[in-house]
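Only one structure is covered here, and it is reproduced in the block below.
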Amino acid sequence: AGFERISPMSAPDDLSNLDPAFDGVLRRVPGGLSARCEYFQDRNKRWPFHCDEEGYNLLSRLLRAATPVVGAVQLKIDTACDVEGAPDGRAKANAVVTEGQRIYARKPNMGEHDVTWSQSEYGHLGLQKEYIRYKSVQRLTEAWACLQRAKRNGVFDELECGALDGASSPQLPLRWASLGGGPGFELLAVRWFFEKHFPKYDLDLVSLDLENSWRGAAVGLGMRFNTWDVSDGDGLETVAGGPVDFAIASYVFKMYMANEKCARWVGEKLNSPQNALRTVLVVSRDENLEHALGMFLDAKLGNTGVVPS
């Protein structure tokens, strides 16, 4: 599937042969402290974030993993536009990329009105190329931070006990699903976080999204993928390949899951007496989630609990 697993032993300073969009995304601060590094999530690299050496190694690993996935999307564009055979193939391919850049650039303005891209725009190959380039860092870092807070707040305590109890077994199976996960960068964070903290578990990672054309990117990152609508709670286990232990949801939570139907099915699965969904992690920078969370906490709807982080 064109996937090359990025080994933990890959040299963290080897940032050669990356997609050009990743130039300058990650760097050590010149003349700064040895453990101080800088990275950017925005397209124009205006707003720096900072991390330590471990963060630098994690992000360099991400950029190496994302580069061939960006290349695979460009290949799909070139193939669709018949770059090799049509006289105007290259011009058409360039136009697709340019249109994707235009669609992506509109997002900050739409965000002021709680509107995201349309379903057809999510399926636009040019947008997908931009999305993988620029959302990869944001999705991975925010998911990693969420996983750190979840661990600190005891969400994974039972896993540590289970790993000790199962010391004689090869590995313990655990299924994670990204709800509306697209290419699945949140799951990449899960994989690497568990490599570090819970290596005893054999993870089955599946990205579930309504837009089927994300499949190639997810597979390219080493995930399984299936088409699924977040309103279809009854079909979750079928598309995920069996009971789901943990789920993770990013922006899709506020945009598409803040409704009674989703609150009910999530609550039913979290409270199920058999094969219960243990936890849903919500990864969001949005400070206005009170309305959405209220439905999930409502005893008549979701009847769930929230772990503060």
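Here's how to read the names in the structure tokens: chain A, B, ... by the order shown, residue numbers from 1 in each chain, ligand numbers from 1 in the order shown.
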
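Residues of range 178-241 of chain A that DSSP places in alpha helix (DSSP H), based on the backbone of this structure, are Phe185, Glu186, Leu187, Leu188, Ala189, Val190, Arg191, Trp192, Phe193, Phe194, Glu195, Lys196, His197, Arg215, Gly216, Ala217, Ala218, Val219, Gly220, Leu236, Glu237, Thr238, Val239 and Ala240 of chain A.
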
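Near Leu289 in chain A, within a cut-off of 10 Å and counting only C-alpha atoms, sit the residues Phe253, Lys254, Ala258, Ser284, Arg285, Asp286, Ala292, Leu293 and Gly294 of chain A, with same-chain residues fewer than 3 positions away left out.
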
Q | Picked from range 184-287 of chain A by DSSP as strand (DSSP E or B), as a PyMOL selection string | A | chain A and resi 201-209+224-227+246-249+279-282

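The residue that comes closest to Trp265 in chain A, out of A:Leu159, A:Val219, A:Ala72, A:Leu277 and on the basis of only C-alpha atoms, is A:Leu277.
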
Q) Which residue, A:Gly267, A:Gly242, A:Pro173, A:Gly302, has the smallest gap to Asp202 in chain A when you use only C-alpha atoms? A) A:Pro173

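If only C-alpha atoms are the atoms counted, then among A:Val244, A:Ile132, A:Ala145, A:Leu58 the closest residue to Glu195 in chain A is A:Leu58.
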
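Picture a line from CA of Asn288 in chain A to CA of Met255 in chain A; it runs 11.8 Å.
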
**Q.** Shell around Gly235 in chain A at 12 Å using only C-alpha atoms, local window under 5 positions removed, as a VMD selection string
**A.** chain A and resid 208 226 to 230 240 to 244 265 269
